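*Asks:* Dumping the structure here so I can ask a few things about it.
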Amino acid sequence: MFALVCFLIMLPMIFSVPLLYVGMLPRSRQQPALLTMSVALMVAIGCWLVFGNYLAFGTNLLQVNRFADLLGGLVQMDFYLYAIAMLIGTVVGFKHGRYLVIFVPVWTALVYCPLAHWLWSDGGWLQRLGALDFSGGIVVHLTAGLTSLVLAKSLTRSREAVVANDFRTDYAATIMILVGWLGFNLAPVGSLNAEALQVLIKTLIAVLAAIAGWCWLTYRRTQSVSLGDLLNGILCGLVTSTALVGYVGAGTMAVVAVVSGGLCQTAVVQMQHAKRFYDAVDSFAINAVGGLTGVIGLIVARMVMRQDGVRFAGVELLAVLLAVGLAVVGTILAQATAHVSETGLNRLTVRDSKRLD
């Protein structure tokens, strides 16, 4: 029942991401973008049920009858869907739905499933080596953030004015994400016990610390702090917590999250002025930077505590390098496949329309 509750409270979180992201786009693109993100998530659900869980964990959800396997697959689907929601936010409003219908399955097979198998499945070789990723700092957030960076390279900054989104929508969506994230971080614990409550408390500490780091740096630069800064701090803290919240104490979690808040805020500012990249939803700056900061924080903590720190650092950095390689190469291949397929479909459509004329 515990895992089922985690699965259910994560669903509203996943579908709150489009609400948050579309508000960062020009008004004329918001409704089509919301439709496109919803379609992409539906495609992703189909991918996970048909082949994703099988590739990552060896279980076909359409054929298995064991309760534990079915529930475990559904919980893992939520982790996967959140990665899809984050990376799709970068291109939504720029790419058509038919592009994403091809991109999502290819990216799933080339990037997400291999890494999830290596790090999270019982037979995963990175897991056997001792690599750790509590609830997706590497598998979910680093890969999604790096994918966003690759996708952002192909986009041109919009000249349309971005009308400020209704702050109430942003606030409500972020709070839904915060609530759902408790299920995100509690799911790996497996049951309601003292460890689960400790993870919950440390997640909240990460949020508070990241808000402090983000807002302090913002205030030093601009002499003011907005509601958007507070909401971004919440997201930064949540992302940062995923790599290490189950492995470190509250004090370590707070220190890592404060640092992450400052780093993510700096990354957002730099990306907003970047000429070669356009990531309207700051997916790379928050997800990749926040996830990587959490991983580095875990490595440093293990070394300070002398818990086989040097060997662990090597294994964990290997996992990070593999995630970077998979995300970059897999995304480029998925882009190329989607582009070729979309171009071919467009030519067929034009040819058919000429025949009808």
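A note on labels: chains of the structure tokens are A, B, ... as shown, every chain counts residues from 1, and ligands are counted from 1 in their shown order.
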Skipping near chain neighbours, those fewer than 4 positions away, what residues fall within 9 Å of range 315-318 of chain A using only C-alpha atoms, listed as an mmCIF file with C-alpha atoms, in the first residue's frame?
*Replies:*
```
data_model
loop_
_atom_site.group_PDB
_atom_site.id
_atom_site.type_symbol
_atom_site.label_atom_id
_atom_site.label_comp_id
_atom_site.auth_asym_id
_atom_site.auth_seq_id
_atom_site.Cartn_x
_atom_site.Cartn_y
_atom_site.Cartn_z
ATOM 1 C CA LEU A 126 26.860 -0.060 -11.810
ATOM 2 C CA LEU A 129 30.008 -1.839 -8.319
ATOM 3 C CA GLY A 130 28.455 0.275 -5.562
ATOM 4 C CA ALA A 131 27.107 3.318 -7.422
ATOM 5 C CA LEU A 132 24.284 5.092 -5.580
ATOM 6 C CA ASP A 133 21.352 7.149 -6.813
ATOM 7 C CA VAL A 295 25.936 13.622 -6.585
ATOM 8 C CA ILE A 296 29.116 15.571 -5.830
ATOM 9 C CA ILE A 299 30.828 11.833 -2.946
ATOM 10 C CA VAL A 310 38.039 7.059 -2.975
ATOM 11 C CA ARG A 311 36.638 3.885 -4.509
ATOM 12 C CA LEU A 322 28.132 7.303 -18.568
ATOM 13 C CA ALA A 323 25.000 9.375 -17.964
#
```
*Asks:* List as a PyMOL selection string the protein and nucleic acid residues near Ile175 in chain A, meaning an atom at most 10 Å away when only C-alpha atoms are counted, but skip any in the same chain fewer than 4 places from it.
*Replies:* chain A and resi 13+16+169-171+179-181+231+234-235
*Asks:* Save out the residues we just selected, C-alpha atoms, as a PDB file, in the first residue's frame.
*Replies:*
```
ATOM      1  CA  MET A  13       3.145  16.236  -9.644  1.00  0.00           C
ATOM      2  CA  SER A  16       1.708  19.936 -12.841  1.00  0.00           C
ATOM      3  CA  THR A 169      -0.902  29.066 -11.259  1.00  0.00           C
ATOM      4  CA  ASP A 170       2.865  28.921 -10.760  1.00  0.00           C
ATOM      5  CA  TYR A 171       2.440  28.744  -6.998  1.00  0.00           C
ATOM      6  CA  VAL A 179       3.737  17.331  -2.392  1.00  0.00           C
ATOM      7  CA  GLY A 180       4.259  14.777  -5.152  1.00  0.00           C
ATOM      8  CA  TRP A 181       7.991  14.859  -4.579  1.00  0.00           C
ATOM      9  CA  LEU A 231       9.521  28.745  -6.289  1.00  0.00           C
ATOM     10  CA  ILE A 234      11.855  24.871  -3.960  1.00  0.00           C
ATOM     11  CA  LEU A 235      12.443  23.011  -7.229  1.00  0.00           C
TER      12      LEU A 235
END
```
*Asks:* Can you check which parts of range 31-120 of chain A lie within 10 Å of range 188-193 of chain A? Per residue, the shortest pair of atoms and distance in Å to one decimal, counting only C-alpha atoms, sorted by chain and number, as JSON lines.
*Replies:*
```
{"residue": "A:Gly72", "atom": "CA", "partner": "A:Gly190", "partner_atom": "CA", "distance": 9.9}
{"residue": "A:Val75", "atom": "CA", "partner": "A:Pro188", "partner_atom": "CA", "distance": 9.4}
{"residue": "A:Gln76", "atom": "CA", "partner": "A:Pro188", "partner_atom": "CA", "distance": 9.9}
```
*Asks:* Which residue gives the smallest distance to Ala327 in chain A among A:Gly145, A:Gly228, A:Gly309, A:Gly213, with only C-alpha atoms counted?
*Replies:*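 With only C-alpha atoms as the atom set, the closest residue is A:Gly145.
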*Asks:* What's the separation between CA of Leu70 in chain A and CA of Val50 in chain A, in Å to one decimal place?
*Replies:* 12.9 Å
*Asks:* Pick from A:His96, A:Arg128, A:Lys275, A:Lys202: nearest to Gly237 in chain A, with only C-alpha atoms counted?
*Replies:*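 Looking only at the distances to Gly237 in chain A, the closest residue turns out to be A:Lys202.
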*Asks:* Please provide the set of residues having any atom within 8 Å of Leu87 in chain A, restricted to only C-alpha atoms, with same-chain residues fewer than 2 positions apart removed, written as an MDAnalysis selection string.
*Replies:* chainID A and resid 83:85 89:91 144:145 147:148 283
*Asks:* Mind checking which residues fall within 12 Å of Asn287 in chain A, counting only C-alpha atoms, ignoring those fewer than 4 positions away in the same chain, and posting them as a ChimeraX atom specification?
*Replies:* /A:82-83,85-87,89-90,136-149,232-233,235-243,260-261,263-265,267-268,279,281-283,291-294
*Asks:* Selection from above, C-alpha atoms, as a compact mmCIF listing (two decimals), in the first residue's frame, can you write it?
*Replies:*
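The resulting file, out_9.txt, is shown below:
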```
# COMPACT_ATOMS: atom_id res chain seq x y z
CA TYR A 82 9.00 13.14 -14.68
CA ALA A 83 12.18 12.98 -16.74
CA ALA A 85 8.09 16.14 -18.61
CA MET A 86 11.25 18.09 -17.79
CA LEU A 87 13.13 17.57 -21.03
CA GLY A 89 9.53 21.43 -21.64
CA THR A 90 12.64 22.70 -23.41
CA GLY A 136 17.01 9.87 -9.53
CA GLY A 137 19.74 12.50 -9.20
CA ILE A 138 21.57 10.76 -12.06
CA VAL A 139 18.97 8.58 -13.77
CA VAL A 140 16.19 11.19 -13.87
CA HIS A 141 17.52 14.70 -13.39
CA LEU A 142 21.05 14.68 -14.76
CA THR A 143 19.97 12.87 -17.93
CA ALA A 144 16.89 15.06 -18.43
CA GLY A 145 18.86 18.24 -17.81
CA LEU A 146 21.65 17.28 -20.20
CA THR A 147 19.08 16.26 -22.79
CA SER A 148 17.55 19.71 -22.43
CA LEU A 149 20.96 21.28 -23.04
CA ASN A 232 12.75 28.03 -8.17
CA GLY A 233 14.47 27.47 -4.85
CA LEU A 235 12.44 23.01 -7.23
CA CYS A 236 16.21 23.24 -6.83
CA GLY A 237 16.06 21.75 -3.34
CA LEU A 238 13.86 18.90 -4.48
CA VAL A 239 16.11 18.05 -7.42
CA THR A 240 19.26 18.21 -5.31
CA SER A 241 17.83 15.91 -2.65
CA THR A 242 17.25 13.00 -5.02
CA ALA A 243 20.86 11.83 -5.28
CA SER A 260 23.11 23.91 -5.01
CA GLY A 261 20.72 26.83 -4.63
CA LEU A 263 24.89 27.22 -8.29
CA CYS A 264 21.50 26.71 -9.92
CA GLN A 265 20.66 30.40 -9.60
CA ALA A 267 23.34 28.73 -14.01
CA VAL A 268 19.88 30.16 -14.69
CA ASP A 279 16.16 26.77 -22.63
CA VAL A 281 12.10 26.52 -18.84
CA ASP A 282 15.59 26.39 -17.24
CA SER A 283 15.57 22.59 -17.30
CA GLY A 291 21.30 16.73 -9.79
CA LEU A 292 25.06 16.88 -10.33
CA THR A 293 25.56 19.00 -7.21
CA GLY A 294 23.71 16.38 -5.20
```
